[in-house]
file model28.cif (mmCIF, C-alpha atoms)
data_model
loop_
_atom_site.group_PDB
_atom_site.id
_atom_site.type_symbol
_atom_site.label_atom_id
_atom_site.label_comp_id
_atom_site.auth_asym_id
_atom_site.auth_seq_id
_atom_site.Cartn_x
_atom_site.Cartn_y
_atom_site.Cartn_z
ATOM 1 C CA MET A 874 17.191 -1.689 -4.704
ATOM 2 C CA ARG A 875 16.789 -1.278 -8.417
ATOM 3 C CA TRP A 876 17.701 -4.167 -10.678
ATOM 4 C CA TYR A 877 20.731 -2.413 -12.174
ATOM 5 C CA GLN A 878 22.042 -1.508 -8.725
ATOM 6 C CA ARG A 879 21.537 -5.107 -7.747
ATOM 7 C CA PHE A 880 23.595 -6.129 -10.773
ATOM 8 C CA PHE A 881 26.513 -3.859 -9.975
ATOM 9 C CA ARG A 882 26.446 -4.485 -6.265
ATOM 10 C CA ARG A 883 26.129 -8.235 -6.417
ATOM 11 C CA GLY A 884 29.523 -8.796 -4.814
ATOM 12 C CA LEU A 885 28.713 -6.398 -2.000
ATOM 13 C CA THR A 886 25.286 -7.951 -1.444
ATOM 14 C CA GLU A 887 26.896 -11.365 -1.245
ATOM 15 C CA LYS A 888 29.339 -10.130 1.391
ATOM 16 C CA HIS A 889 26.541 -8.512 3.387
ATOM 17 C CA LEU A 890 24.505 -11.701 3.275
ATOM 18 C CA ASP A 891 27.469 -13.668 4.557
ATOM 19 C CA THR A 892 28.138 -11.168 7.363
ATOM 20 C CA GLU A 893 24.481 -11.120 8.354
ATOM 21 C CA LEU A 894 24.146 -14.890 8.652
ATOM 22 C CA ARG A 895 27.527 -15.237 10.376
ATOM 23 C CA PHE A 896 26.446 -12.620 12.913
ATOM 24 C CA HIS A 897 23.330 -14.644 13.659
ATOM 25 C CA LEU A 898 25.337 -17.816 14.148
ATOM 26 C CA ASP A 899 27.933 -16.143 16.391
ATOM 27 C CA GLN A 900 25.199 -14.510 18.446
ATOM 28 C CA GLN A 901 23.537 -17.872 18.976
ATOM 29 C CA ILE A 902 26.863 -19.439 20.008
ATOM 30 C CA ALA A 903 27.502 -16.580 22.456
ATOM 31 C CA ASP A 904 24.034 -17.037 23.958
ATOM 32 C CA TYR A 905 24.569 -20.767 24.421
ATOM 33 C CA ILE A 906 27.916 -20.108 26.089
ATOM 34 C CA ALA A 907 26.185 -17.623 28.384
ATOM 35 C CA THR A 908 23.884 -20.413 29.546
ATOM 36 C CA GLY A 909 26.946 -22.385 30.579
ATOM 37 C CA MET A 910 27.621 -24.443 27.473
ATOM 38 C CA LYS A 911 31.161 -25.249 26.362
ATOM 39 C CA LEU A 912 32.398 -23.489 23.217
ATOM 40 C CA GLU A 913 32.560 -26.655 21.113
ATOM 41 C CA GLU A 914 29.119 -27.807 22.184
ATOM 42 C CA ALA A 915 27.630 -24.334 21.655
ATOM 43 C CA ARG A 916 29.114 -24.137 18.178
ATOM 44 C CA ARG A 917 27.890 -27.599 17.239
ATOM 45 C CA ARG A 918 24.387 -26.928 18.497
ATOM 46 C CA ALA A 919 24.104 -23.540 16.777
ATOM 47 C CA GLN A 920 25.295 -25.017 13.487
ATOM 48 C CA LEU A 921 22.826 -27.845 13.820
ATOM 49 C CA GLU A 922 19.930 -25.488 14.460
ATOM 50 C CA PHE A 923 20.936 -23.111 11.720
ATOM 51 C CA GLY A 924 20.962 -25.875 9.142
ATOM 52 C CA SER A 925 22.449 -25.273 5.738
ATOM 53 C CA VAL A 926 23.847 -21.747 5.441
ATOM 54 C CA ASP A 927 24.041 -22.150 1.679
ATOM 55 C CA ARG A 928 20.385 -23.039 1.403
ATOM 56 C CA VAL A 929 19.374 -19.936 3.395
ATOM 57 C CA LYS A 930 21.646 -17.816 1.210
ATOM 58 C CA GLU A 931 20.154 -19.325 -1.915
ATOM 59 C CA GLU A 932 16.646 -18.454 -0.756
ATOM 60 C CA CYS A 933 17.669 -14.902 0.130
ATOM 61 C CA ARG A 934 19.224 -14.462 -3.310
ATOM 62 C CA ASP A 935 16.066 -15.722 -4.992
ATOM 63 C CA VAL A 936 13.982 -13.010 -3.351
ATOM 64 C CA GLY A 937 12.307 -10.789 -5.904
ATOM 65 C CA LYS A 938 13.525 -12.723 -8.929
ATOM 66 C CA GLY A 939 10.090 -13.983 -9.907
ATOM 67 C CA ARG A 940 8.582 -10.634 -9.071
ATOM 68 C CA HIS A 941 10.695 -8.845 -11.697
ATOM 69 C CA VAL A 942 9.338 -11.130 -14.390
ATOM 70 C CA GLU A 943 5.849 -10.515 -13.080
ATOM 71 C CA VAL A 944 6.336 -6.747 -13.160
ATOM 72 C CA ALA A 945 7.740 -6.969 -16.690
ATOM 73 C CA ILE A 946 4.675 -8.891 -17.864
ATOM 74 C CA GLN A 947 2.392 -6.367 -16.173
ATOM 75 C CA ASN A 948 4.186 -3.489 -17.860
ATOM 76 C CA PHE A 949 3.965 -5.212 -21.220
ATOM 77 C CA ARG A 950 0.235 -5.747 -20.831
ATOM 78 C CA TYR A 951 -0.280 -2.174 -19.750
ATOM 79 C CA ALA A 952 1.633 -0.956 -22.827
ATOM 80 C CA LEU A 953 -0.525 -3.113 -25.104
ATOM 81 C CA ARG A 954 -3.736 -1.803 -23.515
ATOM 82 C CA ARG A 955 -2.614 1.799 -23.960
ATOM 83 C CA LEU A 956 -1.691 1.165 -27.591
ATOM 84 C CA VAL A 957 -5.094 -0.340 -28.321
ATOM 85 C CA LYS A 958 -6.831 2.597 -26.638
ATOM 86 C CA ASN A 959 -4.882 5.123 -28.696
ATOM 87 C CA PRO A 960 -4.943 3.923 -32.330
ATOM 88 C CA GLY A 961 -3.715 7.247 -33.790
ATOM 89 C CA PHE A 962 -0.561 7.242 -31.735
ATOM 90 C CA THR A 963 -0.091 3.529 -32.358
ATOM 91 C CA THR A 964 -0.306 4.032 -36.134
ATOM 92 C CA VAL A 965 2.237 6.862 -36.096
ATOM 93 C CA ALA A 966 4.574 4.887 -33.858
ATOM 94 C CA ILE A 967 4.386 1.740 -36.000
ATOM 95 C CA LEU A 968 4.818 3.744 -39.225
ATOM 96 C CA SER A 969 7.883 5.575 -37.927
ATOM 97 C CA LEU A 970 9.371 2.289 -36.737
ATOM 98 C CA ALA A 971 8.660 0.667 -40.117
ATOM 99 C CA LEU A 972 10.186 3.607 -41.966
ATOM 100 C CA GLY A 973 13.221 3.679 -39.702
ATOM 101 C CA ILE A 974 13.861 -0.043 -39.964
ATOM 102 C CA GLY A 975 13.227 0.006 -43.731
ATOM 103 C CA ALA A 976 15.619 2.881 -44.329
ATOM 104 C CA ASN A 977 18.286 1.211 -42.199
ATOM 105 C CA THR A 978 17.904 -2.062 -44.071
ATOM 106 C CA ALA A 979 18.177 -0.321 -47.442
ATOM 107 C CA ILE A 980 21.299 1.594 -46.443
ATOM 108 C CA PHE A 981 22.871 -1.503 -44.972
ATOM 109 C CA ALA A 982 22.119 -3.535 -48.106
ATOM 110 C CA LEU A 983 23.911 -0.868 -50.152
ATOM 111 C CA ILE A 984 26.906 -0.660 -47.829
ATOM 112 C CA ASP A 985 27.084 -4.444 -47.632
ATOM 113 C CA ALA A 986 27.214 -4.759 -51.422
ATOM 114 C CA VAL A 987 29.662 -1.898 -51.949
ATOM 115 C CA MET A 988 31.982 -2.074 -48.963
ATOM 116 C CA ILE A 989 31.625 -5.189 -46.871
ATOM 117 C CA ARG A 990 31.167 -8.105 -49.228
ATOM 118 C CA THR A 991 34.290 -9.181 -51.087
ATOM 119 C CA LEU A 992 34.489 -8.950 -54.866
ATOM 120 C CA PRO A 993 32.810 -11.784 -56.764
ATOM 121 C CA ILE A 994 36.091 -13.306 -57.946
ATOM 122 C CA GLU A 995 37.802 -16.576 -57.178
ATOM 123 C CA HIS A 996 40.349 -15.487 -54.530
ATOM 124 C CA PRO A 997 39.343 -12.064 -53.305
ATOM 125 C CA GLU A 998 41.888 -12.288 -50.481
ATOM 126 C CA GLN A 999 44.712 -12.426 -53.053
ATOM 127 C CA LEU A 1000 43.660 -9.207 -54.716
ATOM 128 C CA VAL A 1001 46.183 -6.376 -54.381
ATOM 129 C CA LEU A 1002 46.043 -2.748 -55.392
ATOM 130 C CA LEU A 1003 49.253 -1.306 -56.752
ATOM 131 C CA GLY A 1004 50.103 2.198 -55.788
ATOM 132 C CA CYS A 1005 53.057 4.473 -56.282
ATOM 133 C CA ARG A 1006 54.671 6.938 -53.934
ATOM 134 C CA TYR A 1007 56.451 9.889 -55.494
ATOM 135 C CA HIS A 1008 59.325 11.432 -53.638
ATOM 136 C CA HIS A 1009 58.845 14.889 -55.033
ATOM 137 C CA ARG A 1010 55.118 15.014 -54.284
ATOM 138 C CA PRO A 1011 53.400 14.691 -50.923
ATOM 139 C CA ASN A 1012 51.275 11.570 -50.648
ATOM 140 C CA PRO A 1013 47.587 12.120 -51.144
ATOM 141 C CA GLU A 1014 45.768 11.687 -47.859
ATOM 142 C CA HIS A 1015 42.996 9.608 -49.325
ATOM 143 C CA SER A 1016 43.464 7.901 -52.614
ATOM 144 C CA GLY A 1017 39.843 6.806 -52.581
ATOM 145 C CA TYR A 1018 40.631 3.088 -52.678
ATOM 146 C CA GLY A 1019 40.979 2.452 -49.020
ATOM 147 C CA GLY A 1020 44.741 2.012 -49.074
ATOM 148 C CA GLY A 1021 47.670 3.873 -47.634
ATOM 149 C CA GLY A 1022 49.793 2.795 -50.530
ATOM 150 C CA GLY A 1023 50.114 5.945 -52.543
ATOM 151 C CA GLU A 1024 48.535 6.832 -55.852
ATOM 152 C CA PRO A 1025 47.068 3.926 -57.810
ATOM 153 C CA THR A 1026 47.274 5.798 -61.121
ATOM 154 C CA PHE A 1027 49.720 4.792 -63.855
ATOM 155 C CA SER A 1028 50.298 5.525 -67.505
ATOM 156 C CA TYR A 1029 49.208 2.819 -69.959
ATOM 157 C CA GLN A 1030 52.825 2.033 -70.830
ATOM 158 C CA LEU A 1031 53.678 1.451 -67.228
ATOM 159 C CA PHE A 1032 50.655 -0.815 -66.842
ATOM 160 C CA GLN A 1033 51.809 -2.870 -69.817
ATOM 161 C CA GLN A 1034 55.223 -3.237 -68.217
ATOM 162 C CA PHE A 1035 53.589 -4.434 -65.002
ATOM 163 C CA LYS A 1036 51.544 -6.941 -66.945
ATOM 164 C CA LYS A 1037 54.516 -8.269 -68.896
ATOM 165 C CA ARG A 1038 56.922 -8.618 -66.001
ATOM 166 C CA ASN A 1039 54.441 -9.839 -63.439
ATOM 167 C CA GLY A 1040 56.066 -12.751 -61.645
ATOM 168 C CA ALA A 1041 54.274 -12.614 -58.340
ATOM 169 C CA LEU A 1042 50.629 -12.383 -59.294
ATOM 170 C CA VAL A 1043 48.321 -14.483 -61.434
ATOM 171 C CA THR A 1044 47.235 -11.604 -63.588
ATOM 172 C CA THR A 1045 47.127 -7.832 -63.750
ATOM 173 C CA PHE A 1046 44.275 -5.599 -64.710
ATOM 174 C CA ALA A 1047 43.639 -1.895 -64.722
ATOM 175 C CA PHE A 1048 40.437 -0.002 -64.105
ATOM 176 C CA VAL A 1049 39.138 3.488 -64.624
ATOM 177 C CA PRO A 1050 36.740 5.005 -62.110
ATOM 178 C CA MET A 1051 33.735 6.371 -63.913
ATOM 179 C CA GLY A 1052 31.647 9.239 -62.719
ATOM 180 C CA PHE A 1053 27.928 9.167 -63.335
ATOM 181 C CA THR A 1054 26.132 12.175 -64.597
ATOM 182 C CA ASN A 1055 22.420 12.430 -64.669
ATOM 183 C CA THR A 1056 21.502 13.648 -68.117
ATOM 184 C CA SER A 1057 17.754 13.282 -68.056
ATOM 185 C CA MET B 1427 8.653 -26.588 15.741
ATOM 186 C CA THR B 1428 5.920 -29.048 14.957
ATOM 187 C CA GLU B 1429 4.570 -29.306 11.421
ATOM 188 C CA GLN B 1430 1.255 -27.738 12.407
ATOM 189 C CA LYS B 1431 2.807 -24.698 14.042
ATOM 190 C CA SER B 1432 5.153 -24.144 11.160
ATOM 191 C CA GLU B 1433 2.249 -24.063 8.717
ATOM 192 C CA PHE B 1434 0.443 -21.683 11.023
ATOM 193 C CA LEU B 1435 3.455 -19.403 11.241
ATOM 194 C CA LYS B 1436 4.005 -19.251 7.497
ATOM 195 C CA GLY B 1437 0.864 -17.240 6.853
ATOM 196 C CA THR B 1438 1.547 -14.778 9.620
ATOM 197 C CA LEU B 1439 5.340 -14.551 9.531
ATOM 198 C CA ASP B 1440 5.453 -11.288 7.559
ATOM 199 C CA MET B 1441 3.008 -9.650 9.925
ATOM 200 C CA LEU B 1442 4.876 -10.834 13.034
ATOM 201 C CA ILE B 1443 8.214 -9.592 11.678
ATOM 202 C CA LEU B 1444 6.737 -6.214 10.719
ATOM 203 C CA LYS B 1445 5.201 -5.916 14.187
ATOM 204 C CA VAL B 1446 8.478 -6.667 15.974
ATOM 205 C CA VAL B 1447 10.457 -4.341 13.713
ATOM 206 C CA ALA B 1448 7.864 -1.603 14.307
ATOM 207 C CA LEU B 1449 9.136 -1.408 17.906
ATOM 208 C CA GLY B 1450 12.471 -0.024 16.670
ATOM 209 C CA PRO B 1451 15.482 -0.944 14.492
ATOM 210 C CA ILE B 1452 16.496 -4.501 15.212
ATOM 211 C CA HIS B 1453 18.756 -7.199 13.726
ATOM 212 C CA GLY B 1454 17.708 -10.631 12.505
ATOM 213 C CA TYR B 1455 18.882 -12.591 15.521
ATOM 214 C CA ALA B 1456 17.015 -10.314 17.918
ATOM 215 C CA ILE B 1457 13.865 -10.585 15.794
ATOM 216 C CA ALA B 1458 13.929 -14.371 16.165
ATOM 217 C CA GLN B 1459 14.560 -14.045 19.931
ATOM 218 C CA ARG B 1460 11.777 -11.490 20.369
ATOM 219 C CA ILE B 1461 9.207 -13.558 18.520
ATOM 220 C CA GLN B 1462 10.147 -16.597 20.562
ATOM 221 C CA GLN B 1463 10.032 -14.699 23.872
ATOM 222 C CA ILE B 1464 6.836 -12.742 23.245
ATOM 223 C CA SER B 1465 5.002 -15.866 22.058
ATOM 224 C CA ARG B 1466 6.310 -17.677 25.174
ATOM 225 C CA ASP B 1467 8.227 -20.188 23.061
ATOM 226 C CA PHE B 1468 5.186 -20.958 20.918
ATOM 227 C CA PHE B 1469 7.003 -19.759 17.800
ATOM 228 C CA LEU B 1470 10.564 -20.935 17.268
ATOM 229 C CA LEU B 1471 11.692 -19.068 14.196
ATOM 230 C CA GLN B 1472 13.979 -20.964 11.853
ATOM 231 C CA GLN B 1473 16.749 -19.040 10.117
ATOM 232 C CA GLY B 1474 15.706 -20.788 6.945
ATOM 233 C CA SER B 1475 12.449 -18.870 6.952
ATOM 234 C CA LEU B 1476 13.492 -15.717 8.826
ATOM 235 C CA TYR B 1477 16.202 -14.426 6.496
ATOM 236 C CA PRO B 1478 14.437 -15.033 3.192
ATOM 237 C CA ALA B 1479 11.395 -13.310 4.726
ATOM 238 C CA LEU B 1480 13.495 -10.315 5.831
ATOM 239 C CA HIS B 1481 15.031 -9.991 2.395
ATOM 240 C CA ARG B 1482 11.612 -10.291 0.786
ATOM 241 C CA LEU B 1483 10.156 -7.565 2.997
ATOM 242 C CA GLU B 1484 13.163 -5.352 2.245
ATOM 243 C CA ASP B 1485 12.752 -6.001 -1.470
ATOM 244 C CA ARG B 1486 9.120 -4.916 -1.312
ATOM 245 C CA GLY B 1487 10.105 -1.691 0.410
ATOM 246 C CA TRP B 1488 8.398 -2.484 3.701
ATOM 247 C CA LEU B 1489 11.674 -2.706 5.605
ATOM 248 C CA LYS B 1490 14.872 -0.779 5.159
ATOM 249 C CA ALA B 1491 18.202 -2.063 6.358
ATOM 250 C CA ASP B 1492 21.187 -0.279 7.861
ATOM 251 C CA TRP B 1493 24.525 -1.556 9.032
ATOM 252 C CA LYS B 1494 25.149 -0.458 12.597
ATOM 253 C CA ALA B 1495 27.329 -1.541 15.491
ATOM 254 C CA THR B 1496 25.719 -3.603 18.247
ATOM 255 C CA GLU B 1497 26.377 -3.131 21.994
ATOM 256 C CA THR B 1498 29.278 -5.529 21.619
ATOM 257 C CA GLY B 1499 30.731 -3.404 18.820
ATOM 258 C CA ARG B 1500 30.050 -5.824 15.981
ATOM 259 C CA GLU B 1501 28.544 -4.737 12.685
ATOM 260 C CA ALA B 1502 25.048 -6.068 12.200
ATOM 261 C CA LYS B 1503 22.254 -5.474 9.742
ATOM 262 C CA PHE B 1504 19.486 -3.584 11.491
ATOM 263 C CA TYR B 1505 16.028 -3.570 9.988
ATOM 264 C CA ALA B 1506 13.587 -0.681 10.381
ATOM 265 C CA LEU B 1507 10.014 -0.148 9.264
ATOM 266 C CA THR B 1508 9.349 2.173 6.312
ATOM 267 C CA PRO B 1509 6.148 4.249 6.056
ATOM 268 C CA LYS B 1510 5.002 1.780 3.396
ATOM 269 C CA GLY B 1511 5.757 -1.069 5.816
ATOM 270 C CA ARG B 1512 3.715 0.597 8.555
ATOM 271 C CA LYS B 1513 0.734 0.802 6.229
ATOM 272 C CA GLN B 1514 1.202 -2.843 5.261
ATOM 273 C CA LEU B 1515 1.351 -3.845 8.931
ATOM 274 C CA GLU B 1516 -1.869 -1.976 9.682
ATOM 275 C CA ALA B 1517 -3.609 -3.646 6.741
ATOM 276 C CA GLU B 1518 -2.399 -7.096 7.764
ATOM 277 C CA VAL B 1519 -3.399 -6.646 11.397
ATOM 278 C CA LYS B 1520 -6.851 -5.534 10.243
ATOM 279 C CA ASN B 1521 -7.165 -8.578 7.992
ATOM 280 C CA TRP B 1522 -6.000 -10.831 10.764
ATOM 281 C CA GLU B 1523 -8.545 -9.467 13.227
ATOM 282 C CA GLN B 1524 -11.342 -9.893 10.709
ATOM 283 C CA LEU B 1525 -10.179 -13.443 10.077
ATOM 284 C CA ILE B 1526 -10.059 -14.507 13.733
ATOM 285 C CA ASN B 1527 -13.394 -12.805 14.421
ATOM 286 C CA ALA B 1528 -14.990 -14.713 11.573
ATOM 287 C CA VAL B 1529 -13.415 -18.003 12.705
ATOM 288 C CA ALA B 1530 -14.527 -17.349 16.291
ATOM 289 C CA LEU B 1531 -18.076 -16.640 15.145
ATOM 290 C CA ILE B 1532 -18.254 -19.912 13.265
ATOM 291 C CA LEU B 1533 -16.790 -21.901 16.155
ATOM 292 C CA ARG B 1534 -19.230 -20.358 18.618
ATOM 293 C CA THR B 1535 -22.392 -20.792 16.572
ATOM 294 C CA ALA B 1536 -21.465 -24.290 15.469
ATOM 295 C CA GLU B 1537 -21.618 -25.567 19.033
#
call {"tool": "encode", "arguments": {"input": "model28.cif", "output": "structure tokens"}}
result
Amino acid sequence: MRWYQRFFRRGLTEKHLDTELRFHLDQQIADYIATGMKLEEARRRAQLEFGSVDRVKEECRDVGKGRHVEVAIQNFRYALRRLVKNPGFTTVAILSLALGIGANTAIFALIDAVMIRTLPIEHPEQLVLLGCRYHHRPNPEHSGYGGGGGEPTFSYQLFQQFKKRNGALVTTFAFVPMGFTNTS
Amino acid sequence: MTEQKSEFLKGTLDMLILKVVALGPIHGYAIAQRIQQISRDFFLLQQGSLYPALHRLEDRGWLKADWKATETGREAKFYALTPKGRKQLEAEVKNWEQLINAVALILRTAE
């Protein structure tokens, strides 16, 4: 049985083990009864001879456990030997791994800074983005600021009104997204 | 079983089980009975060593197990020899014969 089958069929294996040992015990009891023993006596004697069912089960479960570790170590050693014997392949493999891991790290560092980490301000969780929904215009699907709250674009006058009458928030600020153009 | 016999059995248990199973599919209880009968009560097989051994041999691919009904209609786990197990049995029997020949030679010449 492969290790993954063993993993998924653990419950079944356990049931089989139980049935197997119980069968042995019952068979022994039946044989003792056949020799003229009383049921109680036969049962007691069989139990006594069988010893601890749990201990037998434990030992059956342990079968092959150490062997898997052994096989894993053997495979690891074999892999190392092959790598040493084939330096060209080893170099290519290590380089591609290094490149792959490096590229992933770089991309993640970028995404982490831009999208995951909160803004470097005092209470980033209190930051809100104001947006406006217009009845006569369909809502834009993506405003580009990660919100479903309509268009976050206002005239300067409106912004000043927000700032003046702000009673709920500590402060108000506006920002303009800037596009970068490579001029060199 | 005396301590001495039990030590003696340990080294040969796998071979004895393979040999008995080679005679045809058989369940654990019958294996213990067979070994006891054939050895004329010399070997009394403990469940504590029989079942772990059976599971070990199955794990190594020398035995394969099937659930079948016995004569009394109960479900029991029947063990059968695999081709790999047959090869293993042959190798172990060969080893064993070489071993007892060598021991016999020493005992004879040492007299």
call {"tool": "resolve_selection", "arguments": {"input": "model28.cif", "expression": "the PyMOL selection byres ((chain A) within 6 of (chain B))", "output": "list of chain:residue names"}}
result
A:His897, A:Val929, A:Glu932, A:Cys933, A:Val936
call {"tool": "resolve_selection", "arguments": {"input": "model28.cif", "expression": "the PyMOL selection byres ((chain B and resi 1444) around 12)", "output": "MDAnalysis selection string"}}
result
chainID B and resid 1438:1443 1445:1452 1454 1457 1461 1476 1479:1480 1482:1484 1487:1490 1505:1519
call {"tool": "resolve_selection", "arguments": {"input": "model28.cif", "expression": "the PyMOL selection byres ((chain A and resi 920) around 12)", "output": "list of chain:residue names"}}
result
A:Leu894, A:Arg895, A:His897, A:Leu898, A:Asp899, A:Gln900, A:Gln901, A:Ile902, A:Tyr905, A:Glu913, A:Glu914, A:Ala915, A:Arg916, A:Arg917, A:Arg918, A:Ala919, A:Leu921, A:Glu922, A:Phe923, A:Gly924, A:Ser925, A:Val926, B:Gln1473
call {"tool": "residues_around", "arguments": {"input": "model28.cif", "residues": "Phe1048 (chain A)", "least_positions_apart": "6", "cutoff": "12 Å", "atoms": "all atoms listed in the file", "output": "mmCIF file with C-alpha atoms, in the coordinates of the input"}}
result
data_model
loop_
_atom_site.group_PDB
_atom_site.id
_atom_site.type_symbol
_atom_site.label_atom_id
_atom_site.label_comp_id
_atom_site.auth_asym_id
_atom_site.auth_seq_id
_atom_site.Cartn_x
_atom_site.Cartn_y
_atom_site.Cartn_z
ATOM 1 C CA LEU A 1002 46.043 -2.748 -55.392
ATOM 2 C CA LEU A 1003 49.253 -1.306 -56.752
ATOM 3 C CA TYR A 1018 40.631 3.088 -52.678
ATOM 4 C CA PRO A 1025 47.068 3.926 -57.810
ATOM 5 C CA THR A 1026 47.274 5.798 -61.121
ATOM 6 C CA PHE A 1027 49.720 4.792 -63.855
ATOM 7 C CA SER A 1028 50.298 5.525 -67.505
ATOM 8 C CA TYR A 1029 49.208 2.819 -69.959
ATOM 9 C CA PHE A 1032 50.655 -0.815 -66.842
#
call {"tool": "atom_distance", "arguments": {"input": "model28.cif", "atom1": "CA of Glu998 (chain A)", "atom2": "CA of Thr1044 (chain A)"}}
result
14.2 Å
call {"tool": "atom_distance", "arguments": {"input": "model28.cif", "atom1": "CA of Val1001 (chain A)", "atom2": "CA of Leu1042 (chain A)"}}
result
8.9 Å
call {"tool": "atom_distance", "arguments": {"input": "model28.cif", "atom1": "CA of Leu1533 (chain B)", "atom2": "CA of Ile1464 (chain B)"}}
result
26.3 Å
call {"tool": "axis_aligned_box", "arguments": {"input": "model28.cif", "around": "region 925-934 of chain A", "padding_each_side": "6 Å", "output": "JSON"}}
result
{"center_x": 20.3, "center_y": -19.9, "center_z": 1.2, "size_x": 19.4, "size_y": 22.8, "size_z": 21.0}
